[in-house]
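Shown next: coords-v4.txt, containing compact mmCIF, C-alpha atoms.
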# COMPACT_ATOMS: atom_id res chain seq x y z
CA MET I 1 0.00 0.00 0.00
CA ILE I 2 1.34 3.42 -0.96
CA ASN I 3 1.47 5.84 1.95
CA ARG I 4 0.66 9.55 1.79
CA HIS I 5 4.24 10.56 1.11
CA GLU I 6 4.52 8.14 -1.78
CA PHE I 7 1.18 9.38 -3.10
CA ALA I 8 2.50 12.98 -3.05
CA GLN I 9 5.56 11.84 -4.96
CA GLU I 10 3.36 10.19 -7.56
CA ILE I 11 1.30 13.35 -8.00
CA LYS I 12 4.46 15.39 -8.54
CA LEU I 13 5.71 12.87 -11.03
CA ARG I 14 2.41 12.97 -12.89
CA GLU I 15 2.61 16.77 -13.09
CA HIS I 16 6.09 16.64 -14.60
CA VAL I 17 5.14 13.90 -17.02
CA ARG I 18 2.03 15.84 -18.06
CA ARG I 19 4.12 18.97 -18.57
CA ALA I 20 6.70 17.11 -20.64
CA ILE I 21 3.98 15.52 -22.78
CA LYS I 22 2.37 18.92 -23.40
CA ILE I 23 5.68 20.36 -24.58
CA VAL I 24 6.30 17.37 -26.84
CA LYS I 25 2.81 17.71 -28.33
CA ASN I 26 3.30 21.44 -28.92
CA ARG I 27 6.58 20.82 -30.67
CA ARG I 28 5.07 18.01 -32.71
CA ASP I 29 2.21 20.29 -33.75
CA ALA I 30 4.72 23.00 -34.67
CA ARG I 31 6.65 20.57 -36.86
CA ARG I 32 3.42 19.41 -38.50
CA THR I 33 2.40 23.03 -39.14
CA LYS I 34 5.80 23.84 -40.61
CA LYS I 35 5.57 20.81 -42.89
CA LEU I 36 2.16 21.96 -44.13
CA LEU I 37 3.48 25.47 -44.75
CA ASP I 38 6.46 24.06 -46.67
CA GLU I 39 4.07 22.04 -48.82
CA VAL I 40 1.99 25.14 -49.52
CA ALA I 41 5.13 27.10 -50.45
CA LEU I 42 6.25 24.29 -52.75
CA ARG I 43 2.85 24.23 -54.43
CA ASP I 44 3.11 27.98 -55.02
CA VAL I 45 6.55 27.57 -56.59
CA VAL I 46 5.32 24.81 -58.89
CA ARG I 47 2.22 26.81 -59.77
CA ASN I 48 4.37 29.86 -60.64
CA ILE I 49 6.65 27.74 -62.81
CA LEU I 50 3.67 26.33 -64.67
CA THR I 51 2.17 29.80 -65.04
CA GLU I 52 5.42 31.15 -66.47
CA GLY I 53 5.53 28.23 -68.89
CA GLN I 54 1.98 28.92 -70.01
CA SER I 55 2.83 32.60 -70.41
CA ALA I 56 5.78 31.71 -72.61
CA VAL I 57 3.52 29.59 -74.80
CA ALA I 58 0.85 32.25 -74.89
CA ASP I 59 3.49 34.79 -75.89
CA SER I 60 2.85 33.92 -79.50
CA ALA I 61 -0.47 35.78 -79.31
CA ARG I 62 1.33 39.03 -78.50
CA HIS I 63 -0.30 42.46 -78.58
CA ASP I 64 -2.38 44.02 -81.30
CA SER I 65 0.30 46.67 -81.91
CA THR I 66 3.68 45.95 -83.49
CA GLY I 67 5.06 48.97 -81.66
CA ILE I 68 4.09 47.54 -78.27
CA ASN I 69 5.49 44.13 -79.24
CA ALA I 70 8.79 45.77 -80.16
CA LEU I 71 8.81 47.68 -76.87
CA GLU I 72 8.15 44.53 -74.85
CA ASP I 73 11.00 42.73 -76.62
CA LEU I 74 13.26 45.70 -75.96
CA LEU I 75 12.55 45.78 -72.22
CA LYS I 76 12.79 42.00 -71.86
CA ASN I 77 15.87 41.32 -73.97
CA SER I 78 18.10 44.34 -73.44
CA ASN I 79 20.05 45.85 -70.55
CA ILE I 80 17.93 49.02 -70.34
CA LEU I 81 16.13 48.21 -67.09
CA SER I 82 19.22 46.82 -65.37
CA VAL I 83 21.24 49.92 -66.30
CA ILE I 84 18.71 52.48 -65.09
CA ARG I 85 17.85 50.42 -62.00
CA LYS I 86 21.49 50.31 -60.93
CA GLY I 87 22.07 53.96 -61.76
CA TYR I 88 18.92 55.18 -59.99
CA LYS I 89 19.47 53.13 -56.84
CA SER I 90 23.11 54.19 -56.56
CA LEU I 91 22.04 57.78 -55.83
CA THR I 92 21.51 57.44 -52.08
CA THR I 93 22.83 60.75 -50.73
CA ARG I 94 20.16 62.74 -48.87
CA THR I 95 20.99 66.44 -48.56
CA LYS I 96 19.47 69.06 -46.29
CA ASN I 97 17.21 70.11 -49.17
CA ASP I 98 15.70 66.64 -49.43
CA PRO I 99 12.62 65.48 -47.51
CA PRO I 100 13.26 62.99 -44.66
CA THR I 101 11.89 60.20 -46.80
CA GLY I 102 10.97 59.68 -50.43
CA GLN I 103 12.67 60.67 -53.67
CA THR I 104 15.86 62.71 -53.40
CA VAL I 105 16.80 65.55 -55.75
CA GLN I 106 19.57 63.38 -57.19
CA ARG I 107 17.23 60.54 -58.08
CA LYS I 108 14.59 62.91 -59.44
CA SER I 109 17.23 64.57 -61.61
CA TYR I 110 18.41 61.18 -62.88
CA ALA I 111 14.88 60.04 -63.80
CA ASP I 112 13.97 63.36 -65.45
CA HIS I 113 17.15 63.43 -67.53
CA ILE I 114 16.70 59.85 -68.77
CA LEU I 115 13.09 60.44 -69.81
CA VAL I 116 13.81 63.78 -71.49
CA ALA I 117 16.87 62.36 -73.25
CA ILE I 118 14.84 59.50 -74.72
CA GLU I 119 12.20 61.90 -75.94
CA LYS I 120 14.83 64.16 -77.56
CA SER I 121 16.65 61.22 -79.11
CA LEU I 122 13.53 59.79 -80.73
CA ALA I 123 12.13 63.13 -81.91
CA PRO I 124 14.38 63.62 -84.98
CA GLU I 125 14.00 59.96 -85.94
CA GLU I 126 10.23 60.30 -85.85
CA SER I 127 10.36 63.52 -87.88
CA ARG I 128 12.57 61.84 -90.43
CA LYS I 129 10.15 58.95 -90.81
CA LYS I 130 7.21 61.28 -91.24
CA ALA I 131 9.04 63.36 -93.85
CA GLY I 132 10.46 60.31 -95.62
CA VAL I 133 13.94 61.80 -95.67
CA ASP I 134 17.10 60.08 -94.55
CA SER I 135 18.51 62.36 -91.88
CA GLU I 136 21.95 60.75 -92.06
CA LEU I 137 22.34 61.65 -95.75
CA ASP I 138 21.14 65.18 -95.03
CA SER I 139 23.70 65.60 -92.27
CA LEU I 140 26.46 64.30 -94.54
CA GLU I 141 25.53 66.80 -97.25
CA GLU I 142 25.59 69.62 -94.73
CA ASP I 143 29.04 68.58 -93.48
CA ILE I 144 30.58 68.51 -96.98
CA THR I 145 32.17 71.86 -97.81
CA ILE I 146 34.51 72.71 -100.73
CA ASP I 147 36.93 75.54 -100.25
CA ILE I 148 38.55 76.92 -103.40
CA ASP I 149 41.58 79.22 -103.57
CA ARG I 150 42.06 79.58 -99.84
CA PRO I 151 45.13 81.68 -98.92
CA GLU I 152 46.24 79.04 -96.48
CA ASP I 153 46.60 76.56 -99.36
CA ASP I 154 49.18 78.73 -101.16
CA PRO I 155 52.67 77.26 -100.54
CA ASP I 156 54.14 80.80 -100.39
CA PHE I 157 51.77 81.86 -97.58
CA ILE I 158 53.52 82.43 -94.26
CA ASP I 159 51.16 81.93 -91.34
CA VAL I 160 52.35 83.85 -88.25
CA GLU I 161 49.05 84.01 -86.41
CA GLU I 162 48.54 81.77 -83.41
CA GLU I 163 45.81 79.25 -83.81
CA GLU I 164 42.79 80.15 -81.82
CA VAL I 165 42.03 77.57 -79.16
CA VAL I 166 38.40 76.67 -79.23
CA GLU I 167 37.10 74.99 -76.10
CA GLU I 168 34.91 72.04 -76.79
CA PRO I 169 31.47 72.36 -75.23
CA ASP I 170 30.69 70.14 -72.25
CA GLU I 171 28.28 67.55 -73.62
CA ARG I 172 26.85 67.03 -70.14
CA GLU I 173 25.83 70.69 -70.01
CA GLU I 174 24.03 70.33 -73.33
CA PHE I 175 22.43 67.12 -72.03
CA GLY I 176 21.31 68.75 -68.78
CA ILE I 177 18.04 70.28 -67.65
CA ALA I 178 18.31 73.80 -66.24
CA GLY I 179 18.18 73.88 -62.45
CA ALA I 180 18.37 70.10 -62.02
CA ASP I 181 20.86 68.36 -59.76
CA LYS I 182 24.15 67.82 -61.58
CA THR I 183 25.10 64.55 -59.92
CA GLY I 184 21.90 62.97 -61.14
CA ARG I 185 22.46 64.58 -64.53
CA ASN I 186 25.99 63.20 -64.86
CA MET I 187 24.95 59.67 -63.90
CA ALA I 188 22.03 59.83 -66.34
CA TYR I 189 24.31 61.07 -69.11
CA THR I 190 26.72 58.17 -68.63
CA ASP I 191 23.97 55.56 -68.48
CA PHE I 192 22.12 56.99 -71.46
CA GLN I 193 25.20 56.43 -73.63
CA ASP I 194 24.81 52.70 -72.87
CA ILE I 195 21.12 52.42 -73.75
CA GLU I 196 20.51 54.99 -76.49
CA LYS I 197 21.77 52.83 -79.37
CA VAL I 198 19.61 49.80 -78.54
CA ILE I 199 16.54 52.04 -78.19
CA LEU I 200 17.13 53.67 -81.57
CA THR I 201 17.74 50.30 -83.20
CA SER I 202 14.34 49.00 -82.05
CA PHE I 203 12.64 52.27 -82.94
CA ASP I 204 14.14 52.39 -86.44
CA ASP I 205 12.67 48.99 -87.26
CA LEU I 206 9.19 50.51 -87.03
CA ASP I 207 8.15 52.20 -90.24
CA ASP I 208 4.46 52.68 -89.49
CA PRO I 209 3.87 56.09 -87.81
CA GLU I 210 1.28 54.64 -85.42
CA ASP I 211 3.68 51.89 -84.30
CA SER I 212 6.44 54.44 -83.77
CA SER I 213 4.15 56.69 -81.76
CA MET I 214 2.95 53.81 -79.56
CA PHE I 215 6.55 52.67 -78.99
CA GLU I 216 7.72 56.11 -77.86
CA GLU I 217 4.67 56.89 -75.73
CA TYR I 218 4.67 53.62 -73.82
CA LEU I 219 8.46 53.47 -73.49
CA ILE I 220 8.44 56.76 -71.59
CA LYS I 221 5.38 55.78 -69.55
CA ASN I 222 6.83 52.42 -68.58
CA LEU I 223 10.22 53.83 -67.60
CA ALA I 224 8.48 56.45 -65.44
CA LEU I 225 6.58 53.63 -63.72
CA TYR I 226 9.79 51.66 -63.24
CA PHE I 227 11.38 54.67 -61.55
CA ASP I 228 8.41 54.76 -59.17
CA LYS I 229 8.92 51.05 -58.52
CA TYR I 230 12.62 51.52 -57.79
CA GLU I 231 11.82 54.38 -55.42
CA ALA I 232 9.37 52.19 -53.52
CA GLU I 233 12.08 49.56 -53.17
CA LEU I 234 14.35 52.19 -51.64
CA ALA I 235 11.87 53.06 -48.89
CA ASP I 236 13.86 54.25 -45.89
CA GLU I 237 11.64 52.57 -43.33
CA VAL I 238 9.76 49.30 -43.52
CA GLU I 239 6.92 49.07 -41.02
CA GLU I 240 6.60 45.90 -38.96
CA PRO I 241 3.47 43.95 -39.88
CA ALA I 242 0.70 44.42 -37.34
CA ALA I 243 0.36 40.66 -36.90
CA ALA I 244 4.05 40.35 -36.01
CA ALA I 245 3.90 43.28 -33.59
CA ASP I 246 0.97 41.73 -31.67
CA ALA I 247 2.30 38.17 -31.65
CA GLU I 248 3.11 36.79 -28.20
CA LEU I 249 4.21 33.39 -26.94
CA ASP I 250 1.45 31.42 -25.27
CA ALA I 251 1.83 32.01 -21.51
CA ASP I 252 1.25 28.38 -20.51
CA VAL I 253 3.68 27.00 -23.09
CA ALA I 254 6.32 29.60 -22.19
CA SER I 255 5.97 28.80 -18.50
CA ASP I 256 6.09 25.05 -19.09
CA GLU I 257 9.16 25.20 -21.28
CA SER I 258 10.92 27.57 -18.89
CA ASP I 259 10.20 25.30 -15.92
CA LEU I 260 11.25 22.17 -17.77
CA GLU I 261 14.49 23.76 -18.98
CA GLY I 262 15.24 24.83 -15.42
CA ASP I 263 14.60 21.30 -14.20
CA LEU I 264 16.82 19.78 -16.87
CA GLU I 265 19.64 22.17 -16.01
CA ALA I 266 19.37 21.20 -12.34
CA GLY I 267 19.45 17.45 -12.98
CA THR I 268 18.66 14.67 -15.41
CA GLY I 269 17.16 11.19 -15.30
CA ASP I 270 16.31 9.97 -11.80
CA ASP I 271 17.80 13.10 -10.24
CA LEU I 272 15.09 15.39 -11.72
CA GLU I 273 14.12 17.85 -8.99
CA LEU I 274 10.46 17.92 -7.97
CA GLY I 275 10.48 21.07 -5.87
CA LEU I 276 9.81 19.37 -2.54
CA GLU I 277 10.92 20.87 0.75
CA ASP I 278 13.54 18.20 1.37
CA GLU I 279 14.95 17.84 -2.14
CA GLY I 280 17.75 15.44 -1.29
CA SER I 281 15.64 12.89 0.54
CA ALA I 282 12.75 13.36 -1.86
CA ASN I 283 14.92 12.39 -4.81
CA ILE I 284 16.10 9.24 -3.04
CA GLU I 285 12.55 8.29 -2.10
CA LEU I 286 11.35 9.10 -5.62
CA GLN I 287 13.69 6.50 -7.03
CA GLU I 288 11.99 3.89 -4.84
CA VAL I 289 8.51 5.11 -5.87
CA ILE I 290 9.40 4.96 -9.57
CA LYS I 291 10.21 1.31 -9.20
CA LEU I 292 6.59 0.72 -8.10
CA LEU I 293 5.05 2.76 -10.92
CA ASP I 294 4.23 1.76 -14.47
CA ILE I 295 5.46 4.82 -16.42
CA ASP I 296 4.05 3.54 -19.73
CA ASP I 297 0.64 3.15 -18.12
CA ILE I 298 0.79 6.68 -16.66
CA ILE I 299 1.69 8.24 -20.03
CA LYS I 300 -1.02 6.24 -21.77
CA ASN I 301 -3.66 7.49 -19.27
CA LEU I 302 -2.48 11.09 -19.56
CA LEU I 303 -2.70 10.96 -23.33
Show me, as structure tokens, the structure contained in the file I just sent.
Amino acid sequence: MINRHEFAQEIKLREHVRRAIKIVKNRRDARRTKKLLDEVALRDVVRNILTEGQSAVADSARHDSTGINALEDLLKNSNILSVIRKGYKSLTTRTKNDPPTGQTVQRKSYADHILVAIEKSLAPEESRKKAGVDSELDSLEEDITIDIDRPEDDPDFIDVEEEEVVEEPDEREEFGIAGADKTGRNMAYTDFQDIEKVILTSFDDLDDPEDSSMFEEYLIKNLALYFDKYEAELADEVEEPAAAADAELDADVASDESDLEGDLEAGTGDDLELGLEDEGSANIELQEVIKLLDIDDIIKNLL
């Protein structure tokens, strides 16, 4: 017959076993939940891959405008977006004239210069197409000059005048917009040299005026939207989701795990402390009680 002291030991043991089982169940549920979430994530990845594959197949339908098709090919298969994305995002200096957050004057200058430069670059090409005149031949004819009987060509002419030094104009100044930030202007000028040729090549393939107009209009609109996208990605502060801010560990689980970890640090196996007044003697007596108990039966009943 188990006396009162042995009965108290059994109750304490049951409490610890129940606590341990609860922690194990919580961890098992957490692993099961994680597995389900991983499966959902995997399904999303597979679904996206299939969707991209279907999009590639459906690409043959294209748009109802050759100009828009040409623009889409340009943005997809050239370095335009990567160049302007890198250039725009590299302008991170925030001066005293800038707002605390949002677009800086440098980035605004960069975006404005790129958009205006594209518009200026396409304008003469569009005019040439409308007029049906080859602008390159015109420019060559204008550059050809024939000088006859110049004094400088006479072998007896003695030239004692110093040649006048003509300073070459700064191309960046001609490229710039009055009043705009010069750092943004300079970066835009450099990057535009890398993308101008590929833009003009795609544009020159379009002979129909409507296609050319659609190409230019939507190129500028799309790049403006991409600049907005890049600015959003550069947001100075990212707010913590409300759900994450309100999330708290379950009080019972936290208490149970904390208690169990404390117990395990104090002792293991048969030396597990039960919090009795006389811990030393209680542990010795507990070993005797355990011999009389069917642990498997206790766990089965608790479950």
- Work out how far atom CA of Ile21 of chain I is from atom CA of Asn3 of chain I, in Å to one decimal.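 Straight-line distance from atom CA of Asn3 of chain I to atom CA of Ile21 of chain I works out to 26.7 Å.
Remark: for Ala178 of chain I, the closest of the candidate residues I:Thr104, I:Ser109, I:Arg47, I:Asp73 is I:Ser109 (distances computed over all atoms listed in the file).
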- Task: Compare I:Leu42, I:Ile84, I:Ile49, I:His16 by their minimum atom-to-atom distance to Phe227 of chain I, counting all atoms listed in the file, and give me the closest one.
- Result: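 Ranking I:Leu42, I:Ile84, I:Ile49, I:His16 by distance to Phe227 of chain I, first place goes to I:Ile84.
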- Expressed in Å to a single decimal, how great is the separation between atom CA of Asp64 of chain I and atom CA of Ile220 of chain I? 19.3 Å
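Here atom CA of Tyr110 of chain I is placed at a distance of 21.7 Å from atom CA of Phe215 of chain I.
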- Task: Between I:Arg94, I:Phe203, I:Tyr189, I:Leu225, single out the one closest to Glu173 of chain I, counting only C-alpha atoms.
- Result: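 For Glu173 of chain I, the nearest of the candidates is I:Tyr189.
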Mind giving me the axis-aligned box for segment 22-33 of chain I with 6 Å on every side, centre plus edges in Å to one decimal, as JSON?
{"center_x": 4.4, "center_y": 20.2, "center_z": -31.3, "size_x": 16.4, "size_y": 17.7, "size_z": 27.7}
- Restricting the calculation to only C-alpha atoms, which member of I:Leu219, I:Ala117, I:Ala232, I:Leu206 is positioned closest to Ala188 of chain I?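 Using only C-alpha atoms, Ala188 of chain I sits closest to I:Ala117.
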- Query: Hey, which of I:Arg4, I:Lys12, I:His63, I:Arg19 ends up closest to Asp211 of chain I? Count all atoms listed in the file.
  - Reply: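 With all atoms listed in the file as the atom set, the closest residue is I:His63.
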